[in-house]
Every structure is written in C-alpha cells, then in structure tokens.
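protein.cif follows; it contains mmCIF, C-alpha atoms.
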data_query
loop_
_atom_site.label_atom_id
_atom_site.label_comp_id
_atom_site.auth_asym_id
_atom_site.auth_seq_id
_atom_site.Cartn_x
_atom_site.Cartn_y
_atom_site.Cartn_z
CA MET A 1 127.98 132.38 289.71
CA SER A 2 130.52 134.84 291.10
CA ASN A 3 130.48 136.71 287.78
CA ILE A 4 126.67 137.14 287.75
CA TYR A 5 124.83 139.91 289.58
CA GLY A 6 121.09 140.49 290.05
CA SER A 7 117.84 138.54 290.31
CA LEU A 8 115.50 139.74 287.55
CA PHE A 9 117.81 142.26 285.89
CA ARG A 10 121.02 140.25 285.71
CA ILE A 11 124.48 140.98 284.37
CA SER A 12 127.33 138.60 283.71
CA THR A 13 130.70 140.25 283.14
CA TRP A 14 133.55 138.55 281.29
CA GLY A 15 137.10 139.10 280.05
CA GLU A 16 140.59 139.79 281.39
CA SER A 17 142.60 142.99 281.67
CA HIS A 18 145.14 142.10 278.99
CA GLY A 19 143.12 139.59 276.97
CA GLY A 20 141.23 140.23 273.76
CA GLY A 21 138.53 142.28 275.40
CA VAL A 22 135.99 142.64 278.19
CA GLY A 23 132.23 142.91 278.26
CA VAL A 24 128.87 142.02 279.72
CA VAL A 25 125.77 140.00 278.98
CA ILE A 26 122.58 141.62 280.33
CA ASP A 27 119.57 139.36 280.84
CA GLY A 28 116.12 140.31 282.06
CA CYS A 29 116.01 143.78 280.52
CA PRO A 30 112.39 144.67 279.67
CA PRO A 31 111.53 145.13 275.99
CA GLN A 32 110.87 148.44 274.22
CA VAL A 33 113.40 150.47 276.19
CA SER A 34 115.16 153.03 274.02
CA LEU A 35 118.87 152.16 273.89
CA SER A 36 121.87 152.92 271.69
CA CYS A 37 125.66 152.60 271.85
CA GLU A 38 125.80 156.31 272.69
CA ASP A 39 123.82 155.73 275.89
CA ILE A 40 126.50 153.29 277.04
CA GLN A 41 129.53 155.03 275.57
CA GLY A 42 129.02 158.23 277.54
CA GLU A 43 129.41 156.31 280.81
CA LEU A 44 132.36 154.28 279.55
CA ASP A 45 134.10 157.53 278.61
CA ARG A 46 133.79 158.67 282.23
CA ARG A 47 135.62 155.59 283.55
CA ARG A 48 138.14 155.00 280.76
CA PRO A 49 141.90 155.29 281.33
CA GLY A 50 143.94 158.12 279.83
CA GLN A 51 141.22 160.74 280.32
CA SER A 52 143.39 163.11 282.37
CA GLU A 53 146.89 163.65 283.72
CA ILE A 54 146.06 162.15 287.13
CA VAL A 55 144.87 158.71 285.97
CA THR A 56 146.58 155.75 284.32
CA PRO A 57 147.99 156.64 280.87
CA ARG A 58 146.86 153.35 279.33
CA ASN A 59 145.59 154.39 275.90
CA GLU A 60 142.17 152.78 275.61
CA GLN A 61 139.20 154.45 273.92
CA ASP A 62 136.91 151.72 275.29
CA GLN A 63 134.56 151.85 272.32
CA CYS A 64 131.58 149.59 272.95
CA GLN A 65 129.84 147.33 270.48
CA ILE A 66 126.33 145.99 271.07
CA LEU A 67 126.17 142.46 269.66
CA SER A 68 122.60 141.45 270.49
CA GLY A 69 119.31 142.34 272.12
CA ILE A 70 118.66 145.64 270.28
CA PHE A 71 116.54 146.21 267.17
CA GLU A 72 115.64 149.55 265.64
CA GLY A 73 116.90 151.41 268.71
CA GLN A 74 114.90 149.43 271.27
CA THR A 75 115.55 146.51 273.57
CA LEU A 76 113.97 143.22 272.55
CA GLY A 77 113.64 141.65 275.99
CA THR A 78 116.34 139.17 275.00
CA PRO A 79 119.97 139.06 276.26
CA ILE A 80 122.00 142.16 275.45
CA SER A 81 125.68 141.52 274.82
CA VAL A 82 128.16 144.41 274.93
CA MET A 83 131.84 144.06 274.06
CA VAL A 84 134.83 146.38 274.43
CA ARG A 85 138.08 145.28 272.81
CA ASN A 86 141.42 145.80 274.54
CA ARG A 87 143.57 147.92 272.21
CA ASP A 88 146.57 148.83 274.38
CA ALA A 89 147.23 145.62 276.29
CA ARG A 90 150.87 145.07 277.32
CA PRO A 91 150.99 141.69 279.07
CA GLU A 92 154.81 141.55 278.81
CA ALA A 93 155.02 144.37 281.39
CA TYR A 94 153.80 141.90 284.01
CA SER A 95 156.12 138.94 283.29
CA GLU A 96 157.90 139.30 286.65
CA MET A 97 154.53 138.88 288.40
CA ALA A 98 154.21 135.38 286.96
CA GLU A 99 156.44 134.21 289.80
CA LYS A 100 156.23 137.00 292.37
CA TYR A 101 153.13 138.01 294.33
CA ARG A 102 152.32 141.73 294.33
CA PRO A 103 151.64 143.01 297.86
CA SER A 104 147.94 143.67 298.58
CA HIS A 105 146.88 142.23 295.20
CA ALA A 106 144.88 139.08 294.53
CA ASP A 107 147.90 137.18 293.16
CA TYR A 108 148.52 134.92 296.15
CA THR A 109 144.87 134.32 297.01
CA TYR A 110 143.99 133.43 293.39
CA ASP A 111 146.87 130.93 293.26
CA ALA A 112 145.91 129.48 296.65
CA LYS A 113 142.26 129.10 295.59
CA TYR A 114 142.49 127.95 291.96
CA GLY A 115 146.06 126.73 291.55
CA ILE A 116 146.30 128.88 288.41
CA ARG A 117 145.92 132.56 287.61
CA ASN A 118 146.25 135.02 284.75
CA TRP A 119 149.20 137.14 285.87
CA GLN A 120 148.87 139.56 282.94
CA GLY A 121 147.68 142.67 284.75
CA GLY A 122 145.64 140.76 287.28
CA GLY A 123 143.20 139.10 284.88
CA ARG A 124 139.70 139.12 286.37
CA ALA A 125 140.95 140.88 289.50
CA SER A 126 141.79 143.97 287.45
CA ALA A 127 139.54 147.01 287.68
CA ARG A 128 139.16 146.72 283.90
CA GLU A 129 136.43 144.18 284.68
CA THR A 130 134.26 147.12 285.77
CA ILE A 131 133.71 148.07 282.12
CA GLY A 132 131.00 145.40 282.08
CA ARG A 133 129.41 146.85 285.21
CA VAL A 134 129.37 150.37 283.79
CA ALA A 135 127.83 149.16 280.52
CA GLY A 136 125.23 147.14 282.43
CA GLY A 137 124.56 150.09 284.71
CA ALA A 138 123.96 152.38 281.74
CA VAL A 139 121.27 149.99 280.47
CA ALA A 140 119.76 149.70 283.97
CA ASN A 141 119.61 153.49 284.17
CA ARG A 142 117.59 153.61 280.94
CA VAL A 143 115.12 151.09 282.37
CA ILE A 144 114.74 153.02 285.64
CA ARG A 145 114.28 156.36 283.89
CA GLN A 146 111.45 154.87 281.84
CA LEU A 147 109.67 153.87 285.07
CA VAL A 148 110.78 156.84 287.21
CA PRO A 149 111.65 159.81 284.94
CA SER A 150 112.84 162.02 287.82
CA TYR A 151 115.39 159.47 289.09
CA GLU A 152 118.93 160.84 289.45
CA VAL A 153 122.22 159.55 290.85
CA VAL A 154 125.20 161.81 291.54
CA ALA A 155 128.44 160.55 293.10
CA TYR A 156 131.54 162.63 293.81
CA VAL A 157 134.96 162.40 295.44
CA ARG A 158 134.27 163.36 299.04
CA SER A 159 137.87 163.03 300.19
CA ILE A 160 141.37 162.04 299.13
CA GLN A 161 143.58 161.05 302.04
CA GLY A 162 143.38 164.00 304.48
CA ILE A 163 141.64 166.43 302.11
CA ASP A 164 137.93 166.37 302.96
CA ALA A 165 135.50 168.18 300.66
CA PRO A 166 131.92 167.55 301.82
CA VAL A 167 129.06 169.39 300.11
CA ASP A 168 125.39 169.81 300.89
CA SER A 169 123.58 167.00 299.07
CA GLY A 170 120.92 169.43 297.92
CA GLN A 171 123.55 171.54 296.11
CA LEU A 172 125.26 168.58 294.44
CA THR A 173 125.08 168.54 290.63
CA LYS A 174 126.57 166.22 288.04
CA ALA A 175 127.75 169.20 286.01
CA GLY A 176 129.70 170.47 289.00
CA VAL A 177 131.30 167.08 289.58
CA GLU A 178 132.24 166.65 285.92
CA SER A 179 133.71 170.17 285.71
CA ASN A 180 137.06 169.00 287.14
CA MET A 181 139.33 166.03 286.52
CA VAL A 182 139.30 164.83 290.12
CA ARG A 183 135.46 164.72 290.19
CA THR A 184 135.02 166.46 293.50
CA ALA A 185 132.09 168.79 294.19
CA ASP A 186 133.97 171.48 296.12
CA PRO A 187 135.78 173.85 293.69
CA GLU A 188 138.10 174.97 296.48
CA ALA A 189 139.42 171.42 296.98
CA VAL A 190 140.21 170.68 293.32
CA LYS A 191 143.75 172.06 293.16
CA SER A 192 144.91 170.57 296.47
CA MET A 193 143.53 167.16 295.52
CA ILE A 194 145.16 167.23 292.08
CA ASP A 195 148.47 168.40 293.56
CA LEU A 196 148.38 165.55 296.09
CA VAL A 197 147.73 162.91 293.43
CA LYS A 198 150.52 164.31 291.24
CA GLU A 199 152.88 164.28 294.21
CA MET A 200 152.07 160.65 294.94
CA ARG A 201 152.64 159.71 291.30
CA SER A 202 156.03 161.46 291.25
CA GLU A 203 157.03 159.53 294.39
CA GLY A 204 155.88 156.20 292.95
CA ASN A 205 153.22 156.07 295.66
CA SER A 206 149.41 156.16 295.85
CA VAL A 207 146.50 157.46 297.94
CA GLY A 208 142.91 156.47 298.66
CA GLY A 209 139.77 158.27 299.76
CA VAL A 210 135.98 158.28 299.90
CA VAL A 211 133.27 158.55 297.24
CA GLU A 212 129.91 159.87 298.44
CA CYS A 213 126.75 159.16 296.46
CA VAL A 214 123.29 160.73 296.48
CA VAL A 215 120.23 159.11 294.86
CA ARG A 216 117.30 161.44 294.29
CA ASN A 217 113.65 160.51 293.71
CA CYS A 218 114.08 156.87 294.68
CA PRO A 219 110.56 155.44 295.04
CA VAL A 220 109.24 154.34 298.41
CA GLY A 221 109.19 150.59 299.03
CA LEU A 222 112.36 149.24 297.41
CA GLY A 223 114.03 146.46 299.34
CA THR A 224 112.62 143.76 301.58
CA PRO A 225 112.93 142.91 305.29
CA VAL A 226 115.65 140.61 306.59
CA PHE A 227 117.91 139.37 303.76
CA GLY A 228 116.86 141.68 300.92
CA LYS A 229 117.43 144.99 302.68
CA LEU A 230 118.23 147.86 300.35
CA ASP A 231 121.12 149.11 302.45
CA ALA A 232 122.58 145.59 302.64
CA LEU A 233 122.29 145.18 298.86
CA LEU A 234 123.96 148.53 298.27
CA ALA A 235 126.73 147.59 300.69
CA GLY A 236 127.30 144.27 298.93
CA ALA A 237 127.33 145.92 295.51
CA MET A 238 129.83 148.58 296.56
CA MET A 239 132.07 146.19 298.43
CA SER A 240 132.27 144.01 295.32
CA LEU A 241 134.17 146.82 293.57
CA PRO A 242 137.97 146.63 293.40
CA ALA A 243 139.87 148.51 296.13
CA THR A 244 136.83 149.07 298.39
CA LYS A 245 137.39 148.82 302.14
CA GLY A 246 134.31 150.36 303.75
CA PHE A 247 130.65 151.34 303.34
CA GLU A 248 128.35 153.51 305.41
CA ILE A 249 124.88 154.90 304.79
CA GLY A 250 123.19 157.94 306.30
CA SER A 251 124.84 158.87 309.58
CA GLY A 252 127.04 155.78 309.30
CA PHE A 253 129.65 155.33 311.99
CA GLY A 254 129.11 158.93 313.09
CA GLY A 255 125.60 157.99 314.21
CA THR A 256 127.07 155.90 317.01
CA LYS A 257 128.00 159.14 318.79
CA LEU A 258 124.37 160.34 318.94
CA THR A 259 121.51 159.44 321.24
CA GLY A 260 118.27 157.97 319.92
CA LYS A 261 116.54 161.31 320.41
CA GLU A 262 119.22 163.02 318.34
CA HIS A 263 119.38 160.34 315.68
CA ASN A 264 115.71 159.60 314.91
CA ASP A 265 114.17 161.11 311.76
CA PRO A 266 110.78 162.63 312.70
CA TYR A 267 107.94 162.28 310.17
CA PHE A 268 105.79 165.12 308.85
CA MET A 269 103.30 165.58 306.01
CA GLU A 270 104.17 167.51 302.87
CA GLY A 271 100.82 167.62 301.09
CA SER A 272 99.88 163.98 300.66
CA ARG A 273 103.46 162.74 300.98
CA VAL A 274 105.08 161.34 304.13
CA ARG A 275 108.47 163.00 304.68
CA THR A 276 111.21 162.99 307.32
CA SER A 277 112.53 166.28 308.68
CA THR A 278 116.08 164.88 308.88
CA ASN A 279 117.72 162.08 306.91
CA ARG A 280 120.12 160.33 309.25
CA SER A 281 118.71 157.03 308.00
CA GLY A 282 120.12 157.83 304.56
CA GLY A 283 116.80 157.14 302.83
CA VAL A 284 116.41 153.57 304.14
CA GLN A 285 114.41 152.37 307.15
CA GLY A 286 113.89 148.72 307.98
CA GLY A 287 115.80 147.86 304.83
CA ILE A 288 113.18 149.60 302.64
CA SER A 289 113.48 152.97 300.86
CA ASN A 290 111.37 155.72 302.45
CA GLY A 291 111.39 158.18 299.53
CA GLU A 292 114.08 160.47 300.91
CA ASP A 293 117.46 160.79 299.20
CA LEU A 294 119.67 157.74 299.49
CA VAL A 295 123.01 158.98 300.83
CA PHE A 296 125.99 156.70 301.33
CA ARG A 297 129.79 156.66 301.24
CA VAL A 298 132.33 154.13 299.96
CA ALA A 299 135.96 153.97 301.12
CA PHE A 300 138.66 153.11 298.55
CA LYS A 301 142.14 152.08 299.63
CA PRO A 302 145.34 153.45 298.04
CA THR A 303 146.12 151.75 294.73
CA ALA A 304 148.01 148.54 295.52
CA THR A 305 150.53 148.86 292.68
CA ILE A 306 153.22 151.37 293.64
CA MET A 307 156.49 152.05 291.85
CA THR A 308 158.76 151.40 294.82
CA ASP A 309 160.56 148.31 296.10
CA GLN A 310 158.54 146.11 298.45
CA LYS A 311 159.08 142.79 300.17
CA THR A 312 157.19 139.78 298.84
CA VAL A 313 157.47 136.04 298.16
CA THR A 314 157.48 133.86 295.06
CA LYS A 315 155.23 130.97 294.07
CA GLU A 316 157.93 128.71 295.49
CA ASN A 317 157.66 130.45 298.91
CA VAL A 318 161.01 132.22 298.56
CA GLU A 319 161.28 135.69 300.06
CA THR A 320 162.23 138.35 297.50
CA GLY A 321 161.60 141.92 296.42
CA LEU A 322 159.37 143.48 293.79
CA LYS A 323 158.89 146.90 292.25
CA GLY A 324 155.61 147.81 290.57
CA ARG A 325 155.31 147.60 286.78
CA GLY A 326 152.72 148.68 284.25
CA ARG A 327 150.42 151.71 284.07
CA HIS A 328 148.28 152.42 287.10
CA ASP A 329 146.20 155.12 288.75
CA PRO A 330 148.00 156.81 291.65
CA CYS A 331 144.46 157.33 293.00
CA VAL A 332 141.41 155.35 291.86
CA LEU A 333 138.82 157.85 293.13
CA PRO A 334 138.16 159.95 289.98
CA ARG A 335 137.44 156.88 287.85
CA ALA A 336 135.53 155.15 290.66
CA VAL A 337 132.75 157.76 290.59
CA PRO A 338 130.92 156.43 287.47
CA ILE A 339 131.45 152.85 288.66
CA VAL A 340 129.74 153.58 291.97
CA GLU A 341 126.83 155.16 290.08
CA ALA A 342 126.60 152.13 287.78
CA MET A 343 126.29 149.75 290.72
CA VAL A 344 123.48 151.90 292.15
CA HIS A 345 121.60 151.60 288.86
CA LEU A 346 122.03 147.82 288.87
CA VAL A 347 120.77 147.44 292.45
CA LEU A 348 117.77 149.74 292.04
CA CYS A 349 116.74 148.46 288.60
CA ASP A 350 116.60 144.92 289.95
CA LEU A 351 114.58 146.03 292.99
CA LEU A 352 112.17 148.10 290.87
CA LEU A 353 111.40 145.10 288.68
CA LEU A 354 111.00 142.88 291.75
CA GLN A 355 108.68 145.43 293.35
CA ARG A 356 106.57 145.68 290.21
CA GLY A 357 106.38 141.90 289.97
CA GLN A 358 105.41 141.35 293.62
CA CYS A 359 103.21 144.36 294.35
CA GLY A 360 102.12 145.44 290.87
CA ALA A 361 102.98 149.09 291.52
CA ILE A 362 105.91 151.36 292.37
CA GLY A 363 105.66 153.70 295.34
CA ASP A 364 103.47 153.97 298.46
CA GLN A 365 101.13 150.97 298.30
CA ARG A 366 98.59 152.66 300.60
CA ALA A 367 97.69 155.06 297.81
CA SER A 368 96.46 152.20 295.62
CA GLY A 369 94.40 150.60 298.35
#
Is it possible to give me this structure as structure tokens?
Amino acid sequence: MSNIYGSLFRISTWGESHGGGVGVVIDGCPPQVSLSCEDIQGELDRRRPGQSEIVTPRNEQDQCQILSGIFEGQTLGTPISVMVRNRDARPEAYSEMAEKYRPSHADYTYDAKYGIRNWQGGGRASARETIGRVAGGAVANRVIRQLVPSYEVVAYVRSIQGIDAPVDSGQLTKAGVESNMVRTADPEAVKSMIDLVKEMRSEGNSVGGVVECVVRNCPVGLGTPVFGKLDALLAGAMMSLPATKGFEIGSGFGGTKLTGKEHNDPYFMEGSRVRTSTNRSGGVQGGISNGEDLVFRVAFKPTATIMTDQKTVTKENVETGLKGRGRHDPCVLPRAVPIVEAMVHLVLCDLLLLQRGQCGAIGDQRASG
C-alpha cells in the first residue's frame, strides 16, 4: 500500500531508477475527461533531467506512453496506465554502493527493513519515481479544471540556501517562473541562485532551499475535520517527496511570534462571498478550505549525493569511505517545482470527488440550502 496514494482518485507508481522504466496506474478517474499524451508530456518535460546546465545531465527525454483508459481522446472511467521507459540508465556507475551505504540516503534503512535493496541508483528511493506522480498529477489537473475551470496552481523556488526571493502571491505567474532555469519568481535573484548552484557543482557539493506554492480559486469546503484536514493532507503529500524536510502553511512557524489579535483573519463580505481581509491561515481553517488562496512552503534538503569523500560503513559493518558516483542535481529545487504542483493536484482532485460524493455539490453548501 505504500506505493498507492488517494481514496477515490488513486495512483499507484511503479518502477526503479535504473530498471526498464517507471510509470503510474491511475484508478478512479471520472469518464469523459479530455486527455492526451501531450497533456502529460508538458509536465514531464518540466521535471525531466538534462533540461538545463544546473540540473543532472542524465539524458532522458521521458516520453510518456498511455497504455490504457483512453479512447478517442477521452477517459473511459477505467484504469489509466502511463509508462516512461528509461533510456539512459547506467547501473554500473553504482556498483560500489552495492556494499557501501551512501550517507543520508535510504541504503542502510532499506537493507535494515527488507534485507534486500536495489542499489542501482537507489531503486524506488530515487527521485525518478516522481515521474509517476507528475503524470498522475497532470491527469488530476484535467479532472479539476473540468469541475473548476478557474483553478490554478503556481509553485516557485522561494529560496536556495541563504538567497531568499519572496514575491507577492498576487503577482506570481507561471510564465514568470518558467522564464528562468532556476524557476524562481524574482528576476533579480536568478543570477545569484544560478551562480551558487554552479559553484556547488564545481566543488562537488550541493545546496537545498524552499519551494513556495500558491493555489488560486480552490473551492470552499475541501477537507474534513479531525483526520482528513486539508492542511494535514497537503503536509503528508509534500513530505512524501524525496529530500523534503519541512512543511508550513500560511503564517507557518512565523505565526508563533504573533498574538491572536495580530494573527486572526477577519471576515468581510465581497458581494455574496465571504472573504478574509488577511490570509495568515493560508486558505485553510479547521482543516477545511475557506476559498482564499492556499499558500504553503516545502523545505528541501541539499542533495545527498555529493562528489567528495565521506565516512560510511559497509553491509558487513566495516567502517570505510565513499565518494559520490553517478549524475545528480547539485540542487533539487528547480525540478521539484512541477512535482510539488503535481502533488497538489492529486490531493485536491481526490478531495473534490469526495466532496461531490458526500455533499453533492462543490463550494459553499449554504447557497444550495
């Protein structure tokens, strides 16, 4: 079950980093949703390796193939299977890792748990697994847009190490984010961020940072009290991504420095719509969306594979040394942006379908009596 996500709209990802391929099976997608390979491929292109000089040079085009669930350009309501073949796998580059545990990787914990692991590039622990999430998220986005045409998700690189580049969420655009290889929203921070990543690569080192995400036109009422809270589901989805180390929504940890009077979001009426004059809640109150923008941040650690000597141990518990091998991102942030967006689509698509099934409508239930 650890490879399955969702309740009504469910995905099951499969495949290893240096195996024959990776992919996803999507179950619970409603019928008659317009869908093509192009709808999925555009998102895969945003996360693929080799797309710029600051990401891993692994030469993968990540071309997707839809094997089932689509007929004449529409979903059938049956399982949708999407496959991406691995074309530039080099498992021999990882042969030393068959015996030695890479620091801060899943090598030791996988061995301790299962007694066996695929040491070729990390197997299921590799970020290449996220291809299935991005493909599933692209389908989820199509479903949501059919129900909520104005829905929009924009994530961007908020910071890399000490370079912080916050922007006003109202000014954030996808075109602006995609206009630069680092996927930040502040044009003045682009060069310094790129220079830092290049410097880390030249030193055989790595850096981490924060991705911020804004969801616009999220309907009121998504999420449930107690165990199905929207913010908790978003946190779980984001923390399931490789290299994540933190999640905060709205004011986050900064809100702890405010008083209740300073932190509360006062209500007011905008025509017939209930609004809040501030959004320190980040669009979620009581675990349920309130119709304001969802705003959250995800922290990503520095890439664990670095091209310098480190201390480690072998499978036989012998202390030794190890230097990184293979092709890796010196900073995962630029390629993490579309993955974060994909996980948002998966969470909200599932909740939209649950809301429609339980309440029969999407939005403020008071309006329908």
Residues within 7 Å of segment 92-100 of chain A, only C-alpha atoms, excluding chain neighbours under 3 positions, as a PyMOL selection string: chain A and resi 119-121+313-315+325-326
Do you know which residues the PyMOL selection byres ((chain A and resi 173) around 12) returns on this file, as a tab-separated table (two decimals) with C-alpha atoms, in the frame of the given file?
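New file result.tsv:
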chain	number	residue	atom	x	y	z
A	152	GLU	CA	118.93	160.84	289.45
A	153	VAL	CA	122.22	159.55	290.85
A	154	VAL	CA	125.20	161.81	291.54
A	155	ALA	CA	128.44	160.55	293.10
A	156	TYR	CA	131.54	162.63	293.81
A	167	VAL	CA	129.06	169.39	300.11
A	168	ASP	CA	125.39	169.81	300.89
A	169	SER	CA	123.58	167.00	299.07
A	170	GLY	CA	120.92	169.43	297.92
A	171	GLN	CA	123.55	171.54	296.11
A	172	LEU	CA	125.26	168.58	294.44
A	174	LYS	CA	126.57	166.22	288.04
A	175	ALA	CA	127.75	169.20	286.01
A	176	GLY	CA	129.70	170.47	289.00
A	177	VAL	CA	131.30	167.08	289.58
A	178	GLU	CA	132.24	166.65	285.92
A	179	SER	CA	133.71	170.17	285.71
A	183	ARG	CA	135.46	164.72	290.19
A	184	THR	CA	135.02	166.46	293.50
A	185	ALA	CA	132.09	168.79	294.19
A	186	ASP	CA	133.97	171.48	296.12
A	213	CYS	CA	126.75	159.16	296.46
A	214	VAL	CA	123.29	160.73	296.48
A	215	VAL	CA	120.23	159.11	294.86
A	216	ARG	CA	117.30	161.44	294.29
Within 9 Å of Pro338 of chain A using all atoms listed in the file, minus same-chain residues under 3 positions, as a list of chain:residue names: A:Glu43, A:Leu44, A:Arg46, A:Arg47, A:Val134, A:Val154, A:Ala155, A:Tyr156, A:Pro334, A:Arg335, A:Glu341, A:Ala342, A:Met343
Just give me the gap between atom CA of Tyr5 of chain A and atom CA of Glu72 of chain A in Å, one decimal is fine. 27.4 Å
Could you check which of A:Gly250, A:Pro49, A:Gly223, A:Gly291 is closest to Tyr267 of chain A, using all atoms listed in the file? A:Gly291
